[in-house]
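Q: Here you go, this is input.csv (CSV, N, CA and C atoms).
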```csv
chain,number,residue,atom,x,y,z
A,1,MET,N,62.3,92.0,94.7
A,1,MET,CA,63.6,91.5,94.0
A,1,MET,C,63.4,90.2,93.4
A,2,LEU,N,62.6,89.3,94.0
A,2,LEU,CA,62.3,88.0,93.4
A,2,LEU,C,61.7,88.1,92.1
A,3,ASN,N,60.7,89.0,91.9
A,3,ASN,CA,60.1,89.2,90.6
A,3,ASN,C,61.1,89.7,89.6
A,4,TYR,N,62.0,90.6,89.9
A,4,TYR,CA,63.0,91.1,89.0
A,4,TYR,C,63.9,89.9,88.6
A,5,GLN,N,64.3,89.1,89.6
A,5,GLN,CA,65.2,88.0,89.3
A,5,GLN,C,64.5,87.0,88.3
A,6,HIS,N,63.2,86.8,88.6
A,6,HIS,CA,62.4,85.9,87.7
A,6,HIS,C,62.4,86.4,86.3
A,7,VAL,N,62.1,87.7,86.1
A,7,VAL,CA,62.1,88.3,84.8
A,7,VAL,C,63.5,88.2,84.1
A,8,LEU,N,64.5,88.4,84.9
A,8,LEU,CA,65.9,88.4,84.4
A,8,LEU,C,66.2,87.0,83.9
A,9,ASP,N,65.9,86.0,84.8
A,9,ASP,CA,66.1,84.6,84.4
A,9,ASP,C,65.4,84.2,83.1
A,10,GLY,N,64.2,84.6,83.0
A,10,GLY,CA,63.4,84.3,81.8
A,10,GLY,C,64.0,84.9,80.6
A,11,ALA,N,64.4,86.2,80.7
A,11,ALA,CA,65.0,86.8,79.5
A,11,ALA,C,66.3,86.1,79.1
A,12,PHE,N,67.2,85.8,80.0
A,12,PHE,CA,68.4,85.1,79.6
A,12,PHE,C,68.2,83.7,79.1
A,13,ARG,N,67.2,83.0,79.7
A,13,ARG,CA,66.8,81.7,79.2
A,13,ARG,C,66.4,81.8,77.8
A,14,ALA,N,65.5,82.8,77.5
A,14,ALA,CA,65.0,82.9,76.1
A,14,ALA,C,66.2,83.3,75.2
A,15,LEU,N,67.0,84.2,75.6
A,15,LEU,CA,68.1,84.7,74.7
A,15,LEU,C,69.2,83.6,74.6
A,16,SER,N,69.2,82.6,75.4
A,16,SER,CA,70.3,81.6,75.3
A,16,SER,C,70.1,80.6,74.1
A,17,ASP,N,68.9,80.7,73.5
A,17,ASP,CA,68.6,79.8,72.4
A,17,ASP,C,68.8,80.5,71.0
A,18,PRO,N,69.6,79.9,70.1
A,18,PRO,CA,69.9,80.6,68.8
A,18,PRO,C,68.6,80.8,68.0
A,19,THR,N,67.7,79.8,68.1
A,19,THR,CA,66.4,80.0,67.3
A,19,THR,C,65.6,81.2,67.8
A,20,ARG,N,65.5,81.3,69.1
A,20,ARG,CA,64.8,82.5,69.7
A,20,ARG,C,65.5,83.8,69.4
A,21,ARG,N,66.9,83.8,69.4
A,21,ARG,CA,67.6,85.0,69.0
A,21,ARG,C,67.4,85.4,67.6
A,22,ALA,N,67.3,84.3,66.7
A,22,ALA,CA,67.0,84.6,65.3
A,22,ALA,C,65.6,85.2,65.1
A,23,ILE,N,64.6,84.7,65.9
A,23,ILE,CA,63.3,85.2,65.8
A,23,ILE,C,63.3,86.7,66.3
A,24,LEU,N,64.0,87.0,67.4
A,24,LEU,CA,64.0,88.3,67.9
A,24,LEU,C,64.7,89.3,66.9
A,25,GLU,N,65.8,88.8,66.2
A,25,GLU,CA,66.4,89.6,65.2
A,25,GLU,C,65.5,89.9,64.1
A,26,HIS,N,64.7,88.9,63.6
A,26,HIS,CA,63.7,89.2,62.6
A,26,HIS,C,62.7,90.2,63.1
A,27,LEU,N,62.2,90.1,64.3
A,27,LEU,CA,61.2,91.0,64.8
A,27,LEU,C,61.8,92.4,65.1
A,28,SER,N,63.1,92.5,65.2
A,28,SER,CA,63.7,93.8,65.4
A,28,SER,C,63.5,94.7,64.2
A,29,ARG,N,63.2,94.1,63.0
A,29,ARG,CA,63.0,94.8,61.8
A,29,ARG,C,61.5,95.1,61.6
A,30,GLY,N,60.7,94.7,62.5
A,30,GLY,CA,59.3,95.0,62.4
A,30,GLY,C,58.4,93.8,62.7
A,31,PRO,N,57.1,94.0,62.8
A,31,PRO,CA,56.2,92.9,63.1
A,31,PRO,C,56.2,91.9,61.9
A,32,ALA,N,55.9,90.6,62.3
A,32,ALA,CA,55.9,89.5,61.3
A,32,ALA,C,54.9,88.5,61.7
A,33,SER,N,54.3,87.8,60.7
A,33,SER,CA,53.4,86.8,61.0
A,33,SER,C,54.2,85.5,61.5
A,34,VAL,N,53.5,84.6,62.1
A,34,VAL,CA,54.1,83.4,62.6
A,34,VAL,C,54.7,82.6,61.4
A,35,SER,N,53.9,82.6,60.3
A,35,SER,CA,54.4,81.9,59.1
A,35,SER,C,55.7,82.6,58.5
A,36,GLU,N,55.8,83.9,58.5
A,36,GLU,CA,57.0,84.6,58.1
A,36,GLU,C,58.2,84.2,59.0
A,37,LEU,N,57.9,84.1,60.3
A,37,LEU,CA,59.0,83.8,61.2
A,37,LEU,C,59.5,82.4,61.1
A,38,ALA,N,58.5,81.5,60.8
A,38,ALA,CA,58.8,80.0,60.6
A,38,ALA,C,59.5,79.7,59.3
A,39,GLU,N,59.2,80.5,58.3
A,39,GLU,CA,59.7,80.1,56.9
A,39,GLU,C,61.2,79.8,56.9
A,40,PRO,N,62.1,80.6,57.4
A,40,PRO,CA,63.5,80.3,57.3
A,40,PRO,C,64.1,79.3,58.3
A,41,LEU,N,63.2,78.9,59.2
A,41,LEU,CA,63.7,78.0,60.3
A,41,LEU,C,63.6,76.5,59.9
A,42,PRO,N,64.6,75.7,60.2
A,42,PRO,CA,64.5,74.3,59.8
A,42,PRO,C,63.8,73.5,60.9
A,43,MET,N,62.5,73.8,61.1
A,43,MET,CA,61.7,73.1,62.1
A,43,MET,C,60.2,73.2,61.7
A,44,SER,N,59.4,72.4,62.4
A,44,SER,CA,58.0,72.4,62.2
A,44,SER,C,57.4,73.7,62.7
A,45,LEU,N,56.2,74.0,62.2
A,45,LEU,CA,55.4,75.2,62.7
A,45,LEU,C,55.1,75.0,64.2
A,46,PRO,N,54.7,73.8,64.7
A,46,PRO,CA,54.5,73.7,66.2
A,46,PRO,C,55.8,73.9,67.0
A,47,ALA,N,56.9,73.6,66.5
A,47,ALA,CA,58.2,73.8,67.2
A,47,ALA,C,58.4,75.4,67.3
A,48,VAL,N,58.2,76.0,66.2
A,48,VAL,CA,58.4,77.5,66.2
A,48,VAL,C,57.4,78.1,67.1
A,49,HIS,N,56.2,77.6,67.2
A,49,HIS,CA,55.2,78.1,68.1
A,49,HIS,C,55.6,78.0,69.5
A,50,GLN,N,56.3,76.9,69.9
A,50,GLN,CA,56.8,76.7,71.2
A,50,GLN,C,57.8,77.8,71.6
A,51,HIS,N,58.7,78.1,70.6
A,51,HIS,CA,59.7,79.2,70.8
A,51,HIS,C,59.0,80.5,71.0
A,52,LEU,N,58.0,80.8,70.2
A,52,LEU,CA,57.3,82.0,70.4
A,52,LEU,C,56.6,82.1,71.7
A,53,ARG,N,56.1,81.0,72.2
A,53,ARG,CA,55.4,81.0,73.5
A,53,ARG,C,56.5,81.4,74.6
A,54,VAL,N,57.7,80.8,74.5
A,54,VAL,CA,58.7,81.2,75.5
A,54,VAL,C,59.0,82.7,75.4
A,55,LEU,N,59.2,83.2,74.2
A,55,LEU,CA,59.5,84.6,74.1
A,55,LEU,C,58.3,85.5,74.7
A,56,GLU,N,57.1,85.1,74.5
A,56,GLU,CA,56.0,85.8,75.0
A,56,GLU,C,56.0,85.7,76.5
A,57,GLU,N,56.2,84.6,77.1
A,57,GLU,CA,56.2,84.4,78.5
A,57,GLU,C,57.3,85.2,79.2
A,58,CYS,N,58.4,85.4,78.5
A,58,CYS,CA,59.5,86.2,79.1
A,58,CYS,C,59.3,87.7,78.9
A,59,GLY,N,58.3,88.1,78.2
A,59,GLY,CA,58.1,89.5,77.9
A,59,GLY,C,58.9,90.1,76.8
A,60,LEU,N,59.5,89.2,75.9
A,60,LEU,CA,60.3,89.7,74.9
A,60,LEU,C,59.5,89.9,73.6
A,61,MET,N,58.3,89.4,73.5
A,61,MET,CA,57.5,89.4,72.3
A,61,MET,C,56.0,89.5,72.7
A,62,GLU,N,55.3,90.1,71.8
A,62,GLU,CA,53.8,90.2,71.9
A,62,GLU,C,53.2,89.7,70.6
A,63,TRP,N,52.0,89.1,70.7
A,63,TRP,CA,51.3,88.7,69.5
A,63,TRP,C,49.9,89.0,69.6
A,64,GLU,N,49.3,89.2,68.4
A,64,GLU,CA,47.8,89.4,68.4
A,64,GLU,C,47.3,88.7,67.1
A,65,LYS,N,46.1,88.4,67.2
A,65,LYS,CA,45.4,87.7,66.0
A,65,LYS,C,44.6,88.7,65.3
A,66,LYS,N,44.9,88.8,64.0
A,66,LYS,CA,44.1,89.7,63.1
A,66,LYS,C,43.6,88.8,62.0
A,67,GLY,N,42.3,88.5,62.0
A,67,GLY,CA,41.7,87.6,61.1
A,67,GLY,C,42.2,86.2,61.4
A,68,ARG,N,42.8,85.5,60.4
A,68,ARG,CA,43.3,84.2,60.6
A,68,ARG,C,44.8,84.2,60.8
A,69,VAL,N,45.4,85.4,60.9
A,69,VAL,CA,46.9,85.5,61.0
A,69,VAL,C,47.3,86.0,62.4
A,70,ARG,N,48.3,85.3,63.0
A,70,ARG,CA,48.9,85.8,64.2
A,70,ARG,C,50.1,86.6,63.9
A,71,TRP,N,50.1,87.9,64.4
A,71,TRP,CA,51.2,88.8,64.1
A,71,TRP,C,52.0,89.0,65.4
A,72,CYS,N,53.3,88.9,65.3
A,72,CYS,CA,54.2,89.0,66.4
A,72,CYS,C,55.0,90.3,66.3
A,73,ARG,N,55.3,90.9,67.4
A,73,ARG,CA,56.1,92.1,67.4
A,73,ARG,C,57.0,92.1,68.7
A,74,LEU,N,58.1,92.6,68.6
A,74,LEU,CA,59.1,92.7,69.6
A,74,LEU,C,58.5,93.6,70.8
A,75,ASP,N,58.8,93.2,72.0
A,75,ASP,CA,58.4,94.0,73.2
A,75,ASP,C,59.7,94.4,73.8
A,76,ARG,N,60.2,95.6,73.4
A,76,ARG,CA,61.5,96.1,73.9
A,76,ARG,C,61.6,96.2,75.4
A,77,LYS,N,60.4,96.4,76.1
A,77,LYS,CA,60.5,96.5,77.5
A,77,LYS,C,61.0,95.2,78.1
A,78,GLY,N,60.7,94.1,77.5
A,78,GLY,CA,61.1,92.8,78.0
A,78,GLY,C,62.6,92.7,78.1
A,79,LEU,N,63.3,93.4,77.2
A,79,LEU,CA,64.8,93.4,77.2
A,79,LEU,C,65.4,94.3,78.3
A,80,ALA,N,64.6,95.1,78.9
A,80,ALA,CA,65.1,96.1,79.9
A,80,ALA,C,65.8,95.4,81.0
A,81,ALA,N,65.3,94.4,81.6
A,81,ALA,CA,65.9,93.7,82.7
A,81,ALA,C,67.3,93.2,82.4
A,82,ALA,N,67.4,92.5,81.2
A,82,ALA,CA,68.7,92.0,80.8
A,82,ALA,C,69.7,93.1,80.5
A,83,GLU,N,69.2,94.1,79.9
A,83,GLU,CA,70.1,95.3,79.6
A,83,GLU,C,70.5,96.0,80.8
A,84,ASP,N,69.6,96.2,81.8
A,84,ASP,CA,70.0,96.8,83.1
A,84,ASP,C,71.1,96.0,83.8
A,85,TRP,N,70.9,94.6,83.8
A,85,TRP,CA,71.8,93.8,84.5
A,85,TRP,C,73.2,93.8,83.9
A,86,VAL,N,73.2,93.8,82.5
A,86,VAL,CA,74.5,93.8,81.8
A,86,VAL,C,75.2,95.1,82.0
A,87,LEU,N,74.5,96.2,81.9
A,87,LEU,CA,75.1,97.6,82.1
A,87,LEU,C,75.6,97.8,83.5
A,88,ASN,N,74.8,97.2,84.5
A,88,ASN,CA,75.3,97.3,85.9
A,88,ASN,C,76.6,96.5,86.1
A,89,ARG,N,76.7,95.3,85.6
A,89,ARG,CA,77.9,94.5,85.7
A,89,ARG,C,79.0,95.2,85.0
A,90,ARG,N,78.8,95.8,83.8
A,90,ARG,CA,79.8,96.5,83.1
A,90,ARG,C,80.3,97.7,83.9
A,91,ALA,N,79.5,98.5,84.5
A,91,ALA,CA,79.9,99.6,85.3
A,91,ALA,C,80.7,99.1,86.5
A,92,LEU,N,80.2,98.1,87.2
A,92,LEU,CA,80.9,97.5,88.4
A,92,LEU,C,82.3,97.1,88.0
A,93,TRP,N,82.4,96.3,86.9
A,93,TRP,CA,83.8,95.9,86.5
A,93,TRP,C,84.6,97.0,86.0
A,94,GLY,N,84.0,98.0,85.4
A,94,GLY,CA,84.8,99.2,85.0
A,94,GLY,C,85.4,99.9,86.2
A,95,ARG,N,84.6,100.0,87.3
A,95,ARG,CA,85.1,100.7,88.5
A,95,ARG,C,86.2,99.8,89.1
A,96,ARG,N,86.0,98.5,89.2
A,96,ARG,CA,87.0,97.6,89.7
A,96,ARG,C,88.3,97.6,89.0
A,97,LEU,N,88.2,97.6,87.6
A,97,LEU,CA,89.4,97.7,86.8
A,97,LEU,C,90.2,99.0,86.9
A,98,ASP,N,89.4,100.1,87.0
A,98,ASP,CA,90.0,101.4,87.2
A,98,ASP,C,90.7,101.5,88.6
A,99,ALA,N,90.1,100.9,89.6
A,99,ALA,CA,90.8,100.9,90.9
A,99,ALA,C,92.1,100.0,90.9
A,100,LEU,N,92.0,98.9,90.2
A,100,LEU,CA,93.2,98.0,90.0
A,100,LEU,C,94.3,98.8,89.3
A,101,ALA,N,93.9,99.5,88.2
A,101,ALA,CA,94.9,100.2,87.4
A,101,ALA,C,95.6,101.3,88.3
A,102,ALA,N,94.7,102.0,89.1
A,102,ALA,CA,95.3,103.0,90.0
A,102,ALA,C,96.2,102.4,91.0
A,103,HIS,N,95.8,101.3,91.6
A,103,HIS,CA,96.7,100.6,92.6
A,103,HIS,C,98.0,100.2,92.0
A,104,LEU,N,97.9,99.6,90.8
A,104,LEU,CA,99.2,99.1,90.1
A,104,LEU,C,100.1,100.3,89.8
A,105,ALA,N,99.4,101.4,89.3
A,105,ALA,CA,100.2,102.6,89.0
A,105,ALA,C,100.9,103.2,90.2
A,106,LYS,N,100.2,103.1,91.4
A,106,LYS,CA,100.7,103.6,92.6
A,106,LYS,C,101.9,102.7,93.0
A,107,ASP,N,101.8,101.4,92.9
A,107,ASP,CA,102.9,100.5,93.2
A,107,ASP,C,104.1,100.7,92.3
A,108,GLU,N,103.8,100.9,91.1
A,108,GLU,CA,104.9,101.2,90.1
A,108,GLU,C,105.6,102.5,90.5
A,109,GLY,N,104.9,103.5,90.9
A,109,GLY,CA,105.5,104.7,91.3
A,109,GLY,C,106.3,104.6,92.5
A,110,GLY,N,105.9,103.8,93.5
A,110,GLY,CA,106.6,103.6,94.7
A,110,GLY,C,107.9,102.8,94.5
A,111,LYS,N,107.9,101.9,93.5
A,111,LYS,CA,109.1,101.1,93.3
A,111,LYS,C,110.2,101.7,92.5
A,112,ALA,N,109.8,102.8,91.8
A,112,ALA,CA,110.8,103.4,90.8
A,112,ALA,C,111.8,104.2,91.5
```
Could you write out this file's structure as structure tokens?
A:
Amino acid sequence: MLNYQHVLDGAFRALSDPTRRAILEHLSRGPASVSELAEPLPMSLPAVHQHLRVLEECGLMEWEKKGRVRWCRLDRKGLAAAEDWVLNRRALWGRRLDALAAHLAKDEGGKA
């Protein structure tokens, strides 16, 4: 469970930053070079590289070097922990709200 929590914490930490979300959005359209990812961002290449390192460490992105170019691609498996957590919370709250609605409907029926 600790490992799962560590992965989950890393994914949400990475997703909490708008620059990293922009990079992931770009990568959702397909692989891109570091230069392509950096071009629209208002920061230095070393700063972009730091964001990429965070995404890699969290399992949200992979990269490989081909010649002199580093190519990045989305690692969809890395989003699985965050997605599972959100879906489980959604299901839990759905059940709780359904139970509350049933309870309120029962109370309204008894008072009428």
Q: What does the distance from CA of Lys66 in chain A to CA of Pro42 in chain A come to in Å, to one decimal?
A: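 Distance reported for this atom pair: 25.8 Å.
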Q: Nearest residue to Ser33 in chain A out of A:His6, A:Leu100, A:Arg89, A:Trp71, using only C-alpha atoms?
A: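 Result for the nearest residue to Ser33 in chain A: A:Trp71.
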Q: Can you work out which one of A:Asp84, A:Asp107, A:Asp9, A:Glu62 has the shortest atom-to-atom distance to Ala32 in chain A, counting only C-alpha atoms?
A: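 Comparing A:Asp84, A:Asp107, A:Asp9, A:Glu62 against Ala32 in chain A, the winner is A:Glu62.
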Q: Of the residues A:Leu52, A:Ala105, A:Ala47, A:Leu74, which is the one nearest to His26 in chain A, using all atoms listed in the file?
A: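 The answer is A:Leu74, which sits nearest to His26 in chain A.
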Q: Go through A:Glu108, A:Leu97, A:Glu64, A:Arg20 and flag the residue nearest His51 in chain A, using all atoms listed in the file for the distances.
A: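 So, comparing all the options, the nearest one is A:Arg20.
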Q: Which is closest to Gly78 in chain A among A:Gln50, A:Leu60, A:Ile23, A:Lys65, if we use only C-alpha atoms?
A: A:Leu60
Q: At what distance in Å, to one decimal, does CA of Cys58 in chain A lie from atom C of Ala11 in chain A?
A: 6.8 Å
Q: Mind pulling up the distance from CA of Leu24 in chain A to CA of Val54 in chain A?
A: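 A separation of 11.7 Å between them.
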Q: Near Leu8 in chain A, counting only C-alpha atoms, which residues have an atom at most 12 Å away, once you skip same-chain residues fewer than 2 positions from it, shown as a PyMOL selection string?
A: chain A and resi 1-6+10-15+58-60+77-86
Q: So which one's closest to Asp75 in chain A, A:Met61, A:Arg53, A:Leu87, A:Met43? Using all atoms listed in the file, please.
A: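 Residue with the minimum atom-to-atom distance to Asp75 in chain A: A:Met61.
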Q: Would you mind completing range 78-99 of chain A so that it carries N, CA, C and O atoms, and writing it out as a PDB file, in the frame of the given file?
A:
```pdb
ATOM      1  N   GLY A  78      60.700  94.100  77.500  1.00  0.00           N
ATOM      2  CA  GLY A  78      61.100  92.800  78.000  1.00  0.00           C
ATOM      3  C   GLY A  78      62.600  92.700  78.100  1.00  0.00           C
ATOM      4  O   GLY A  78      63.181  91.920  78.858  1.00  0.00           O
ATOM      5  N   LEU A  79      63.300  93.400  77.200  1.00  0.00           N
ATOM      6  CA  LEU A  79      64.800  93.400  77.200  1.00  0.00           C
ATOM      7  C   LEU A  79      65.400  94.300  78.300  1.00  0.00           C
ATOM      8  O   LEU A  79      66.607  94.181  78.559  1.00  0.00           O
ATOM      9  N   ALA A  80      64.600  95.100  78.900  1.00  0.00           N
ATOM     10  CA  ALA A  80      65.100  96.100  79.900  1.00  0.00           C
ATOM     11  C   ALA A  80      65.800  95.400  81.000  1.00  0.00           C
ATOM     12  O   ALA A  80      66.872  95.912  81.473  1.00  0.00           O
ATOM     13  N   ALA A  81      65.300  94.400  81.600  1.00  0.00           N
ATOM     14  CA  ALA A  81      65.900  93.700  82.700  1.00  0.00           C
ATOM     15  C   ALA A  81      67.300  93.200  82.400  1.00  0.00           C
ATOM     16  O   ALA A  81      68.231  93.375  83.143  1.00  0.00           O
ATOM     17  N   ALA A  82      67.400  92.500  81.200  1.00  0.00           N
ATOM     18  CA  ALA A  82      68.700  92.000  80.800  1.00  0.00           C
ATOM     19  C   ALA A  82      69.700  93.100  80.500  1.00  0.00           C
ATOM     20  O   ALA A  82      70.834  93.048  80.928  1.00  0.00           O
ATOM     21  N   GLU A  83      69.200  94.100  79.900  1.00  0.00           N
ATOM     22  CA  GLU A  83      70.100  95.300  79.600  1.00  0.00           C
ATOM     23  C   GLU A  83      70.500  96.000  80.800  1.00  0.00           C
ATOM     24  O   GLU A  83      71.734  96.265  80.968  1.00  0.00           O
ATOM     25  N   ASP A  84      69.600  96.200  81.800  1.00  0.00           N
ATOM     26  CA  ASP A  84      70.000  96.800  83.100  1.00  0.00           C
ATOM     27  C   ASP A  84      71.100  96.000  83.800  1.00  0.00           C
ATOM     28  O   ASP A  84      72.065  96.493  84.317  1.00  0.00           O
ATOM     29  N   TRP A  85      70.900  94.600  83.800  1.00  0.00           N
ATOM     30  CA  TRP A  85      71.800  93.800  84.500  1.00  0.00           C
ATOM     31  C   TRP A  85      73.200  93.800  83.900  1.00  0.00           C
ATOM     32  O   TRP A  85      74.192  93.967  84.556  1.00  0.00           O
ATOM     33  N   VAL A  86      73.200  93.800  82.500  1.00  0.00           N
ATOM     34  CA  VAL A  86      74.500  93.800  81.800  1.00  0.00           C
ATOM     35  C   VAL A  86      75.200  95.100  82.000  1.00  0.00           C
ATOM     36  O   VAL A  86      76.405  95.214  82.332  1.00  0.00           O
ATOM     37  N   LEU A  87      74.500  96.200  81.900  1.00  0.00           N
ATOM     38  CA  LEU A  87      75.100  97.600  82.100  1.00  0.00           C
ATOM     39  C   LEU A  87      75.600  97.800  83.500  1.00  0.00           C
ATOM     40  O   LEU A  87      76.639  98.362  83.742  1.00  0.00           O
ATOM     41  N   ASN A  88      74.800  97.200  84.500  1.00  0.00           N
ATOM     42  CA  ASN A  88      75.300  97.300  85.900  1.00  0.00           C
ATOM     43  C   ASN A  88      76.600  96.500  86.100  1.00  0.00           C
ATOM     44  O   ASN A  88      77.481  96.994  86.840  1.00  0.00           O
ATOM     45  N   ARG A  89      76.700  95.300  85.600  1.00  0.00           N
ATOM     46  CA  ARG A  89      77.900  94.500  85.700  1.00  0.00           C
ATOM     47  C   ARG A  89      79.000  95.200  85.000  1.00  0.00           C
ATOM     48  O   ARG A  89      80.165  95.256  85.494  1.00  0.00           O
ATOM     49  N   ARG A  90      78.800  95.800  83.800  1.00  0.00           N
ATOM     50  CA  ARG A  90      79.800  96.500  83.100  1.00  0.00           C
ATOM     51  C   ARG A  90      80.300  97.700  83.900  1.00  0.00           C
ATOM     52  O   ARG A  90      81.565  97.902  83.993  1.00  0.00           O
ATOM     53  N   ALA A  91      79.500  98.500  84.500  1.00  0.00           N
ATOM     54  CA  ALA A  91      79.900  99.600  85.300  1.00  0.00           C
ATOM     55  C   ALA A  91      80.700  99.100  86.500  1.00  0.00           C
ATOM     56  O   ALA A  91      81.698  99.723  86.891  1.00  0.00           O
ATOM     57  N   LEU A  92      80.200  98.100  87.200  1.00  0.00           N
ATOM     58  CA  LEU A  92      80.900  97.500  88.400  1.00  0.00           C
ATOM     59  C   LEU A  92      82.300  97.100  88.000  1.00  0.00           C
ATOM     60  O   LEU A  92      83.263  97.486  88.684  1.00  0.00           O
ATOM     61  N   TRP A  93      82.400  96.300  86.900  1.00  0.00           N
ATOM     62  CA  TRP A  93      83.800  95.900  86.500  1.00  0.00           C
ATOM     63  C   TRP A  93      84.600  97.000  86.000  1.00  0.00           C
ATOM     64  O   TRP A  93      85.860  96.992  86.207  1.00  0.00           O
ATOM     65  N   GLY A  94      84.000  98.000  85.400  1.00  0.00           N
ATOM     66  CA  GLY A  94      84.800  99.200  85.000  1.00  0.00           C
ATOM     67  C   GLY A  94      85.400  99.900  86.200  1.00  0.00           C
ATOM     68  O   GLY A  94      86.602 100.236  86.188  1.00  0.00           O
ATOM     69  N   ARG A  95      84.600 100.000  87.300  1.00  0.00           N
ATOM     70  CA  ARG A  95      85.100 100.700  88.500  1.00  0.00           C
ATOM     71  C   ARG A  95      86.200  99.800  89.100  1.00  0.00           C
ATOM     72  O   ARG A  95      87.263 100.336  89.578  1.00  0.00           O
ATOM     73  N   ARG A  96      86.000  98.500  89.200  1.00  0.00           N
ATOM     74  CA  ARG A  96      87.000  97.600  89.700  1.00  0.00           C
ATOM     75  C   ARG A  96      88.300  97.600  89.000  1.00  0.00           C
ATOM     76  O   ARG A  96      89.429  97.670  89.538  1.00  0.00           O
ATOM     77  N   LEU A  97      88.200  97.600  87.600  1.00  0.00           N
ATOM     78  CA  LEU A  97      89.400  97.700  86.800  1.00  0.00           C
ATOM     79  C   LEU A  97      90.200  99.000  86.900  1.00  0.00           C
ATOM     80  O   LEU A  97      91.393  99.068  86.934  1.00  0.00           O
ATOM     81  N   ASP A  98      89.400 100.100  87.000  1.00  0.00           N
ATOM     82  CA  ASP A  98      90.000 101.400  87.200  1.00  0.00           C
ATOM     83  C   ASP A  98      90.700 101.500  88.600  1.00  0.00           C
ATOM     84  O   ASP A  98      91.857 102.006  88.647  1.00  0.00           O
ATOM     85  N   ALA A  99      90.100 100.900  89.600  1.00  0.00           N
ATOM     86  CA  ALA A  99      90.800 100.900  90.900  1.00  0.00           C
ATOM     87  C   ALA A  99      92.100 100.000  90.900  1.00  0.00           C
ATOM     88  O   ALA A  99      93.084 100.386  91.477  1.00  0.00           O
TER      89      ALA A  99
END
```
